[in-house]
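Report on the structure given below.
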Protein chains: 2
Amino acid sequence: MTVHASPLPAVLSPVVTPFDASGAPDTQRLAKQCRWLQANGVGLAIFGTNSEANSLSVGERIHALEQLIAAGLPASQMMPGAGACSVTDAIALTRAAVDAGCAGTLTLPPFYYKDVPDDGLFAYFATIIEATGSPKLQIYLYNIPPVAKVGFSLPLIERLIKAYPKTVVGMKDSSGDWAYTESVINACRGTGFRMYAGSESFLLRTLRAGGVGCISATANVNPKAISDLAAHWQDNDADARQAGLDQVRGVFQKRPMIAAMKAAIAHFSGDAQWAAVRPPLVAFTQEQSQNLVAEMNSIGFRMTGL
Amino acid sequence: MTVHASPLPAVLSPVVTPFDASGAPDTQRLAKQCRWLQANGVGLAIFGTNSEANSLSVGERIHALEQLIAAGLPASQMMPGAGACSVTDAIALTRAAVDAGCAGTLTLPPFYYKDVPDDGLFAYFATIIEATGSPKLQIYLYNIPPVAKVGFSLPLIERLIKAYPKTVVGMKDSSGDWAYTESVINACRGTGFRMYAGSESFLLRTLRAGGVGCISATANVNPKAISDLAAHWQDNDADARQAGLDQVRGVFQKRPMIAAMKAAIAHFSGDAQWAAVRPPLVAFTQEQSQNLVAEMNSIGFRMTGL
């Protein structure tokens, strides 16, 4: 199996975005969190769904990226979200990522208009790629139909790879539909296409099927154990490790995930400001937070080094 | 029945946005179209769904608004779309509309995250209103669950009206669900709330139930007849007029609406550039355009004065 050359690790976190007391993205707290994630073996898929990226303006996203680079975080470990409803916004985000030297971009389909034809989605990605005009651009398609309500058909993926074989290099699949994930891996086998599962629940299956890893919300709270499984997936204890990951994920998955992860970070870092989210999301109450921590304690899970 | 004082007419068009050969919004063509719509009795709900507003950047929308004002179009007849996924974007769009003197804004709920709680949606609108901080702001809630996949519950509407009685003044309801429209009209009766149907198919029913009019895609191609019904809805021939509107709408509704309306404008204006759309939408082929024109001819419908 060949895959596209990339410095990106097997596991990335859609880094949760901290907000300061005024509601603005707090790039200092974000840089600190990115360093902690790096130290725990995961790459930086900043500006993903779990980063509340779609609650940020394009200007806020580009400014935060520049601040992270200025703070010394490595662009080679970054796959910023560069998707938007508007192709002009997506071009601006993509150019900023390429200019910063990011190893890839994670690009949603335009998600306002529904039931759009593949021809229109192809034209959207072609416009971004042509307007960016850089051989350094590596795009990962971001498939998350439960949220975006617009997805990628197999013929669309194949057409994009054929037209832009050096640029359309992979996918994050958050469909939650293993049959789909597997069908994309199989259809793209031999093209170098890099498949990341959208959740560590599918990490072992993805690696065994020929994928490269996962980009998962819960990598914000459980980075070390997830990256350890990716590093040891051919070991005898891989299934036991997967079961351990699933147990931790279960605690977060049954709650509003973003608010829950931020509440956990606030608790274990002792920095209450971390609990803040942007509307339309709602931060955890003290009671919700206590229940979450109690359940983490009950399975012996804690975050350290924050 | 009392309604909020507003200079806005009973019928508005979500004005289709023309693009030039480079793909940029063409503000000169847009100004010309707005003048034609005004001359045919309809107001300017620029930057709606049918304007491909969510395919434009915030900067493109604000620039186009400024150009329309500079071209002499009256802000008192304008209800620009000011919705976005990001509250920072929505604030920027809302401020620009207020600064331009627009009679209202039409504001989508944030539409990326799904299944968000009413508390979060309330906080989103409260943040926009508090940040704008203008007694001149009049917000119309834009309910379009078939596209946005996020809607407005009755308790949310009532809570917004109670908290901001002079600011949250009405709704455009594109749910296509008459029972919902009627329930909102009834729940808000006496508060001054102004209900616009999201399609002229519901115009007569809306006016009879106590609503104020409609904001409809098809007002881009059939403005005069729609505004005439709104002006004569208590006349004996109102039901016959409604049937005439429904016939024209039927021609467009069974096709991709935005591309179809642009093809019609291109045909009747003799300006082929009007057919252009932004990805992910796809412009009509010559054949699709000919079929559309043939069907318009078959019912004796044409656009004049373009």
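Chain labels A, B, ... are given in the sequence in which chains occur in the structure tokens; within each chain residues are numbered consecutively from 1, and ligands are likewise numbered from 1 in the order shown.
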Can you superpose chain A onto chain B by least squares over all C-alpha atoms paired in order and give the moved copy as a JSON list (two decimals) with C-alpha atoms, in the first residue's frame?
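The file below, superposed-v6.json, is the result:
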```
[["chain", "number", "residue", "atom", "x", "y", "z"],
["A", 1, "MET", "CA", -54.52, 43.79, 14.73],
["A", 2, "THR", "CA", -51.46, 45.95, 15.37],
["A", 3, "VAL", "CA", -48.17, 45.38, 13.63],
["A", 4, "HIS", "CA", -44.80, 46.99, 14.08],
["A", 5, "ALA", "CA", -44.38, 50.18, 12.04],
["A", 6, "SER", "CA", -42.22, 49.49, 9.01],
["A", 7, "PRO", "CA", -41.74, 51.10, 5.62],
["A", 8, "LEU", "CA", -41.29, 47.65, 4.08],
["A", 9, "PRO", "CA", -43.84, 46.54, 1.47],
["A", 10, "ALA", "CA", -46.01, 43.42, 1.67],
["A", 11, "VAL", "CA", -43.95, 41.55, -0.90],
["A", 12, "LEU", "CA", -40.18, 41.32, -1.04],
["A", 13, "SER", "CA", -37.84, 39.45, -3.33],
["A", 14, "PRO", "CA", -34.73, 37.62, -2.17],
["A", 15, "VAL", "CA", -32.93, 39.29, -5.05],
["A", 16, "VAL", "CA", -30.87, 36.88, -7.15],
["A", 17, "THR", "CA", -27.19, 37.87, -7.20],
["A", 18, "PRO", "CA", -25.57, 38.26, -10.63],
["A", 19, "PHE", "CA", -21.93, 37.24, -11.07],
["A", 20, "ASP", "CA", -19.51, 38.69, -13.59],
["A", 21, "ALA", "CA", -17.28, 36.59, -15.85],
["A", 22, "SER", "CA", -14.67, 36.30, -13.07],
["A", 23, "GLY", "CA", -17.27, 34.90, -10.64],
["A", 24, "ALA", "CA", -17.48, 38.05, -8.50],
["A", 25, "PRO", "CA", -20.83, 39.59, -7.48],
["A", 26, "ASP", "CA", -21.77, 42.14, -10.14],
["A", 27, "THR", "CA", -23.17, 45.09, -8.22],
["A", 28, "GLN", "CA", -24.09, 47.08, -11.33],
["A", 29, "ARG", "CA", -26.31, 44.32, -12.70],
["A", 30, "LEU", "CA", -27.67, 43.83, -9.17],
["A", 31, "ALA", "CA", -28.59, 47.51, -8.83],
["A", 32, "LYS", "CA", -30.37, 47.41, -12.20],
["A", 33, "GLN", "CA", -32.36, 44.35, -11.13],
["A", 34, "CYS", "CA", -33.27, 45.99, -7.81],
["A", 35, "ARG", "CA", -34.64, 49.00, -9.69],
["A", 36, "TRP", "CA", -36.76, 46.72, -11.87],
["A", 37, "LEU", "CA", -38.12, 44.91, -8.81],
["A", 38, "GLN", "CA", -38.91, 48.22, -7.12],
["A", 39, "ALA", "CA", -40.74, 49.40, -10.23],
["A", 40, "ASN", "CA", -42.83, 46.23, -10.01],
["A", 41, "GLY", "CA", -43.84, 46.86, -6.42],
["A", 42, "VAL", "CA", -41.59, 44.56, -4.42],
["A", 43, "GLY", "CA", -39.02, 45.28, -1.72],
["A", 44, "LEU", "CA", -35.46, 44.10, -1.56],
["A", 45, "ALA", "CA", -34.69, 41.12, 0.66],
["A", 46, "ILE", "CA", -31.16, 41.04, -0.71],
["A", 47, "PHE", "CA", -28.83, 38.28, 0.50],
["A", 48, "GLY", "CA", -31.45, 35.61, 1.03],
["A", 49, "THR", "CA", -31.22, 31.92, 0.24],
["A", 50, "ASN", "CA", -32.15, 32.57, -3.38],
["A", 51, "SER", "CA", -29.52, 35.32, -3.53],
["A", 52, "GLU", "CA", -26.85, 32.65, -2.96],
["A", 53, "ALA", "CA", -25.92, 34.82, 0.05],
["A", 54, "ASN", "CA", -24.38, 31.87, 1.84],
["A", 55, "SER", "CA", -22.07, 31.44, -1.14],
["A", 56, "LEU", "CA", -20.76, 34.99, -0.60],
["A", 57, "SER", "CA", -18.24, 36.14, 1.97],
["A", 58, "VAL", "CA", -19.23, 38.67, 4.61],
["A", 59, "GLY", "CA", -17.02, 41.22, 2.85],
["A", 60, "GLU", "CA", -18.72, 40.62, -0.49],
["A", 61, "ARG", "CA", -22.15, 41.09, 1.10],
["A", 62, "ILE", "CA", -21.24, 44.31, 2.89],
["A", 63, "HIS", "CA", -19.56, 45.71, -0.22],
["A", 64, "ALA", "CA", -22.60, 44.91, -2.37],
["A", 65, "LEU", "CA", -24.92, 46.58, 0.15],
["A", 66, "GLU", "CA", -22.78, 49.71, 0.14],
["A", 67, "GLN", "CA", -22.77, 49.76, -3.66],
["A", 68, "LEU", "CA", -26.57, 49.48, -3.82],
["A", 69, "ILE", "CA", -26.94, 52.38, -1.38],
["A", 70, "ALA", "CA", -24.40, 54.38, -3.41],
["A", 71, "ALA", "CA", -26.43, 53.59, -6.55],
["A", 72, "GLY", "CA", -29.47, 55.23, -4.94],
["A", 73, "LEU", "CA", -31.52, 52.18, -3.97],
["A", 74, "PRO", "CA", -33.61, 53.00, -0.87],
["A", 75, "ALA", "CA", -32.51, 51.37, 2.39],
["A", 76, "SER", "CA", -36.09, 51.80, 3.62],
["A", 77, "GLN", "CA", -37.11, 49.06, 1.16],
["A", 78, "MET", "CA", -34.32, 46.69, 2.15],
["A", 79, "MET", "CA", -34.28, 43.66, 4.43],
["A", 80, "PRO", "CA", -30.80, 42.18, 3.87],
["A", 81, "GLY", "CA", -30.01, 38.69, 5.04],
["A", 82, "ALA", "CA", -27.71, 39.02, 8.03],
["A", 83, "GLY", "CA", -27.45, 35.41, 9.10],
["A", 84, "ALA", "CA", -24.32, 33.28, 9.35],
["A", 85, "CYS", "CA", -22.96, 30.29, 11.25],
["A", 86, "SER", "CA", -20.69, 32.56, 13.24],
["A", 87, "VAL", "CA", -22.08, 35.15, 15.62],
["A", 88, "THR", "CA", -19.16, 37.45, 14.80],
["A", 89, "ASP", "CA", -20.15, 37.36, 11.12],
["A", 90, "ALA", "CA", -23.81, 37.93, 11.98],
["A", 91, "ILE", "CA", -22.87, 40.95, 14.10],
["A", 92, "ALA", "CA", -20.79, 42.43, 11.26],
["A", 93, "LEU", "CA", -23.64, 41.93, 8.77],
["A", 94, "THR", "CA", -26.24, 43.34, 11.17],
["A", 95, "ARG", "CA", -24.17, 46.42, 11.97],
["A", 96, "ALA", "CA", -23.64, 47.09, 8.26],
["A", 97, "ALA", "CA", -27.39, 46.87, 7.64],
["A", 98, "VAL", "CA", -28.21, 49.21, 10.52],
["A", 99, "ASP", "CA", -25.47, 51.65, 9.48],
["A", 100, "ALA", "CA", -26.91, 51.67, 5.94],
["A", 101, "GLY", "CA", -30.36, 52.48, 7.34],
["A", 102, "CYS", "CA", -32.01, 49.23, 6.25],
["A", 103, "ALA", "CA", -35.59, 48.77, 7.42],
["A", 104, "GLY", "CA", -34.85, 45.32, 8.79],
["A", 105, "THR", "CA", -32.57, 42.30, 8.72],
["A", 106, "LEU", "CA", -33.51, 38.71, 7.91],
["A", 107, "THR", "CA", -31.53, 36.49, 10.23],
["A", 108, "LEU", "CA", -31.05, 32.75, 9.93],
["A", 109, "PRO", "CA", -30.36, 30.71, 13.03],
["A", 110, "PRO", "CA", -26.73, 29.53, 13.11],
["A", 111, "PHE", "CA", -27.00, 26.46, 10.90],
["A", 112, "TYR", "CA", -23.85, 24.36, 11.14],
["A", 113, "TYR", "CA", -24.36, 22.68, 14.50],
["A", 114, "LYS", "CA", -27.54, 20.60, 14.65],
["A", 115, "ASP", "CA", -29.85, 19.76, 17.55],
["A", 116, "VAL", "CA", -28.69, 22.78, 19.52],
["A", 117, "PRO", "CA", -30.77, 23.83, 22.53],
["A", 118, "ASP", "CA", -33.11, 26.83, 22.49],
["A", 119, "ASP", "CA", -30.94, 28.38, 25.22],
["A", 120, "GLY", "CA", -28.04, 28.46, 22.75],
["A", 121, "LEU", "CA", -30.17, 29.90, 19.94],
["A", 122, "PHE", "CA", -31.55, 32.54, 22.30],
["A", 123, "ALA", "CA", -28.00, 33.44, 23.38],
["A", 124, "TYR", "CA", -26.97, 33.71, 19.72],
["A", 125, "PHE", "CA", -29.69, 36.26, 18.91],
["A", 126, "ALA", "CA", -29.17, 38.08, 22.22],
["A", 127, "THR", "CA", -25.47, 38.44, 21.42],
["A", 128, "ILE", "CA", -26.24, 39.94, 17.99],
["A", 129, "ILE", "CA", -28.80, 42.35, 19.44],
["A", 130, "GLU", "CA", -26.65, 43.45, 22.39],
["A", 131, "ALA", "CA", -23.52, 43.84, 20.24],
["A", 132, "THR", "CA", -25.39, 45.91, 17.65],
["A", 133, "GLY", "CA", -26.92, 48.01, 20.40],
["A", 134, "SER", "CA", -29.16, 50.06, 18.14],
["A", 135, "PRO", "CA", -32.81, 51.03, 18.73],
["A", 136, "LYS", "CA", -33.11, 51.12, 14.92],
["A", 137, "LEU", "CA", -32.49, 47.39, 14.53],
["A", 138, "GLN", "CA", -35.53, 45.39, 13.43],
["A", 139, "ILE", "CA", -34.84, 41.66, 13.11],
["A", 140, "TYR", "CA", -36.97, 39.21, 11.16],
["A", 141, "LEU", "CA", -36.35, 35.58, 12.12],
["A", 142, "TYR", "CA", -35.66, 33.44, 9.08],
["A", 143, "ASN", "CA", -37.23, 30.01, 9.51],
["A", 144, "ILE", "CA", -36.22, 27.63, 6.72],
["A", 145, "PRO", "CA", -35.75, 24.18, 8.23],
["A", 146, "PRO", "CA", -35.71, 22.34, 4.87],
["A", 147, "VAL", "CA", -32.40, 24.08, 4.13],
["A", 148, "ALA", "CA", -30.95, 25.30, 7.45],
["A", 149, "LYS", "CA", -31.99, 22.12, 9.32],
["A", 150, "VAL", "CA", -32.29, 24.33, 12.41],
["A", 151, "GLY", "CA", -35.58, 26.05, 13.15],
["A", 152, "PHE", "CA", -37.42, 28.20, 15.67],
["A", 153, "SER", "CA", -39.64, 26.61, 18.29],
["A", 154, "LEU", "CA", -42.65, 28.58, 19.48],
["A", 155, "PRO", "CA", -41.18, 28.98, 23.01],
["A", 156, "LEU", "CA", -37.97, 30.38, 21.49],
["A", 157, "ILE", "CA", -39.90, 32.92, 19.40],
["A", 158, "GLU", "CA", -41.96, 33.99, 22.40],
["A", 159, "ARG", "CA", -38.86, 34.31, 24.57],
["A", 160, "LEU", "CA", -37.10, 36.47, 21.96],
["A", 161, "ILE", "CA", -40.12, 38.75, 21.56],
["A", 162, "LYS", "CA", -40.46, 39.10, 25.33],
["A", 163, "ALA", "CA", -36.78, 39.95, 25.79],
["A", 164, "TYR", "CA", -36.52, 42.24, 22.75],
["A", 165, "PRO", "CA", -40.05, 43.43, 21.93],
["A", 166, "LYS", "CA", -38.91, 46.36, 19.80],
["A", 167, "THR", "CA", -36.19, 44.47, 17.95],
["A", 168, "VAL", "CA", -37.55, 41.01, 17.16],
["A", 169, "VAL", "CA", -40.41, 42.20, 14.99],
["A", 170, "GLY", "CA", -41.26, 39.41, 12.59],
["A", 171, "MET", "CA", -40.47, 36.26, 10.69],
["A", 172, "LYS", "CA", -40.09, 34.91, 7.19],
["A", 173, "ASP", "CA", -41.41, 31.37, 7.38],
["A", 174, "SER", "CA", -40.13, 29.09, 4.64],
["A", 175, "SER", "CA", -41.02, 25.92, 6.50],
["A", 176, "GLY", "CA", -43.64, 25.10, 3.90],
["A", 177, "ASP", "CA", -45.70, 23.95, 6.89],
["A", 178, "TRP", "CA", -48.88, 26.01, 7.06],
["A", 179, "ALA", "CA", -49.84, 24.62, 10.47],
["A", 180, "TYR", "CA", -46.57, 26.02, 11.84],
["A", 181, "THR", "CA", -47.03, 29.42, 10.14],
["A", 182, "GLU", "CA", -50.53, 29.72, 11.53],
["A", 183, "SER", "CA", -49.43, 28.68, 15.02],
["A", 184, "VAL", "CA", -46.78, 31.42, 15.07],
["A", 185, "ILE", "CA", -49.25, 34.06, 13.84],
["A", 186, "ASN", "CA", -51.71, 33.01, 16.52],
["A", 187, "ALA", "CA", -49.15, 32.80, 19.32],
["A", 188, "CYS", "CA", -47.79, 36.26, 18.50],
["A", 189, "ARG", "CA", -51.11, 38.00, 17.85],
["A", 190, "GLY", "CA", -51.21, 41.36, 19.59],
["A", 191, "THR", "CA", -47.44, 41.68, 19.91],
["A", 192, "GLY", "CA", -47.12, 43.46, 16.57],
["A", 193, "PHE", "CA", -45.20, 40.51, 15.08],
["A", 194, "ARG", "CA", -45.06, 40.67, 11.27],
["A", 195, "MET", "CA", -45.36, 37.30, 9.53],
["A", 196, "TYR", "CA", -44.14, 37.00, 5.95],
["A", 197, "ALA", "CA", -44.83, 33.71, 4.18],
["A", 198, "GLY", "CA", -41.74, 32.22, 2.56],
["A", 199, "SER", "CA", -43.57, 31.65, -0.72],
["A", 200, "GLU", "CA", -46.41, 33.34, -2.58],
["A", 201, "SER", "CA", -48.17, 29.95, -2.53],
["A", 202, "PHE", "CA", -49.13, 30.91, 1.02],
["A", 203, "LEU", "CA", -49.69, 34.63, 0.37],
["A", 204, "LEU", "CA", -53.47, 34.76, 0.47],
["A", 205, "ARG", "CA", -53.72, 32.37, 3.44],
["A", 206, "THR", "CA", -51.09, 34.39, 5.30],
["A", 207, "LEU", "CA", -52.85, 37.71, 4.73],
["A", 208, "ARG", "CA", -56.23, 36.25, 5.70],
["A", 209, "ALA", "CA", -54.74, 34.83, 8.91],
["A", 210, "GLY", "CA", -53.24, 38.17, 9.94],
["A", 211, "GLY", "CA", -49.78, 38.02, 8.36],
["A", 212, "VAL", "CA", -48.33, 40.91, 6.37],
["A", 213, "GLY", "CA", -47.19, 39.40, 3.08],
["A", 214, "CYS", "CA", -44.52, 37.19, 1.58],
["A", 215, "ILE", "CA", -40.82, 37.10, 0.78],
["A", 216, "SER", "CA", -40.60, 34.74, -2.12],
["A", 217, "ALA", "CA", -38.03, 33.45, -4.60],
["A", 218, "THR", "CA", -40.47, 33.72, -7.46],
["A", 219, "ALA", "CA", -40.91, 37.44, -6.77],
["A", 220, "ASN", "CA", -37.67, 37.65, -8.75],
["A", 221, "VAL", "CA", -39.52, 36.68, -11.92],
["A", 222, "ASN", "CA", -43.19, 37.45, -11.24],
["A", 223, "PRO", "CA", -43.05, 40.53, -9.00],
["A", 224, "LYS", "CA", -45.96, 42.53, -10.38],
["A", 225, "ALA", "CA", -48.63, 39.84, -10.13],
["A", 226, "ILE", "CA", -47.54, 38.89, -6.61],
["A", 227, "SER", "CA", -47.52, 42.46, -5.33],
["A", 228, "ASP", "CA", -50.87, 43.03, -7.04],
["A", 229, "LEU", "CA", -52.43, 40.18, -5.08],
["A", 230, "ALA", "CA", -51.04, 41.62, -1.84],
["A", 231, "ALA", "CA", -52.64, 44.96, -2.75],
["A", 232, "HIS", "CA", -56.00, 43.40, -3.69],
["A", 233, "TRP", "CA", -56.27, 40.43, -1.37],
["A", 234, "GLN", "CA", -59.69, 41.49, -0.12],
["A", 235, "ASP", "CA", -61.08, 41.80, -3.65],
["A", 236, "ASN", "CA", -63.46, 39.23, -5.13],
["A", 237, "ASP", "CA", -60.88, 37.93, -7.59],
["A", 238, "ALA", "CA", -58.22, 37.19, -4.96],
["A", 239, "ASP", "CA", -58.49, 33.40, -5.22],
["A", 240, "ALA", "CA", -58.24, 33.56, -9.01],
["A", 241, "ARG", "CA", -55.14, 35.75, -8.68],
["A", 242, "GLN", "CA", -53.64, 33.27, -6.22],
["A", 243, "ALA", "CA", -54.25, 30.45, -8.72],
["A", 244, "GLY", "CA", -52.41, 32.48, -11.38],
["A", 245, "LEU", "CA", -49.41, 32.93, -9.10],
["A", 246, "ASP", "CA", -49.37, 29.23, -8.28],
["A", 247, "GLN", "CA", -49.28, 28.32, -11.97],
["A", 248, "VAL", "CA", -46.18, 30.43, -12.60],
["A", 249, "ARG", "CA", -44.50, 29.21, -9.43],
["A", 250, "GLY", "CA", -45.10, 25.63, -10.52],
["A", 251, "VAL", "CA", -42.90, 26.15, -13.57],
["A", 252, "PHE", "CA", -39.95, 27.17, -11.41],
["A", 253, "GLN", "CA", -40.57, 25.05, -8.34],
["A", 254, "LYS", "CA", -40.07, 21.72, -10.12],
["A", 255, "ARG", "CA", -36.62, 22.86, -11.31],
["A", 256, "PRO", "CA", -33.51, 23.95, -9.40],
["A", 257, "MET", "CA", -35.06, 27.33, -8.52],
["A", 258, "ILE", "CA", -32.07, 29.66, -8.43],
["A", 259, "ALA", "CA", -30.54, 28.48, -11.71],
["A", 260, "ALA", "CA", -34.01, 28.50, -13.32],
["A", 261, "MET", "CA", -34.79, 32.08, -12.27],
["A", 262, "LYS", "CA", -31.40, 33.27, -13.48],
["A", 263, "ALA", "CA", -31.91, 31.47, -16.80],
["A", 264, "ALA", "CA", -35.28, 33.23, -17.17],
["A", 265, "ILE", "CA", -33.75, 36.63, -16.42],
["A", 266, "ALA", "CA", -30.90, 35.91, -18.88],
["A", 267, "HIS", "CA", -33.44, 35.01, -21.55],
["A", 268, "PHE", "CA", -35.83, 37.93, -21.14],
["A", 269, "SER", "CA", -33.08, 40.53, -20.58],
["A", 270, "GLY", "CA", -30.91, 39.22, -23.42],
["A", 271, "ASP", "CA", -27.97, 39.30, -20.97],
["A", 272, "ALA", "CA", -26.51, 35.79, -20.97],
["A", 273, "GLN", "CA", -24.15, 36.54, -18.06],
["A", 274, "TRP", "CA", -27.19, 36.49, -15.77],
["A", 275, "ALA", "CA", -27.29, 32.70, -15.97],
["A", 276, "ALA", "CA", -24.10, 32.34, -13.89],
["A", 277, "VAL", "CA", -24.31, 30.84, -10.40],
["A", 278, "ARG", "CA", -21.64, 30.10, -7.82],
["A", 279, "PRO", "CA", -20.67, 26.55, -6.92],
["A", 280, "PRO", "CA", -22.04, 24.35, -5.45],
["A", 281, "LEU", "CA", -24.96, 25.41, -7.68],
["A", 282, "VAL", "CA", -24.84, 24.65, -11.38],
["A", 283, "ALA", "CA", -26.03, 26.96, -14.17],
["A", 284, "PHE", "CA", -28.64, 25.77, -16.64],
["A", 285, "THR", "CA", -27.50, 24.22, -19.89],
["A", 286, "GLN", "CA", -28.86, 25.69, -23.09],
["A", 287, "GLU", "CA", -31.28, 22.77, -23.30],
["A", 288, "GLN", "CA", -32.58, 23.27, -19.75],
["A", 289, "SER", "CA", -33.01, 26.95, -20.49],
["A", 290, "GLN", "CA", -34.93, 26.28, -23.73],
["A", 291, "ASN", "CA", -37.23, 23.83, -21.96],
["A", 292, "LEU", "CA", -37.93, 26.40, -19.27],
["A", 293, "VAL", "CA", -38.71, 29.14, -21.77],
["A", 294, "ALA", "CA", -40.94, 26.78, -23.76],
["A", 295, "GLU", "CA", -42.94, 26.01, -20.63],
["A", 296, "MET", "CA", -43.21, 29.69, -19.76],
["A", 297, "ASN", "CA", -44.46, 30.37, -23.29],
["A", 298, "SER", "CA", -47.00, 27.58, -22.99],
["A", 299, "ILE", "CA", -48.70, 29.33, -20.07],
["A", 300, "GLY", "CA", -48.29, 32.76, -21.65],
["A", 301, "PHE", "CA", -45.85, 34.02, -19.05],
["A", 302, "ARG", "CA", -43.10, 36.47, -19.86],
["A", 303, "MET", "CA", -40.92, 39.01, -18.05],
["A", 304, "THR", "CA", -40.95, 42.53, -19.43],
["A", 305, "GLY", "CA", -38.99, 45.73, -18.86],
["A", 306, "LEU", "CA", -35.74, 44.03, -17.86]]
```
Would you please extract all helix (DSSP H, G or I) residues from segment 158-302 of chain B, as assigned by DSSP on the backbone, and give them as a PyMOL selection string? chain B and resi 158-163+178-188+200-209+217-220+223-231+238-253+257-269+272-275+286-298
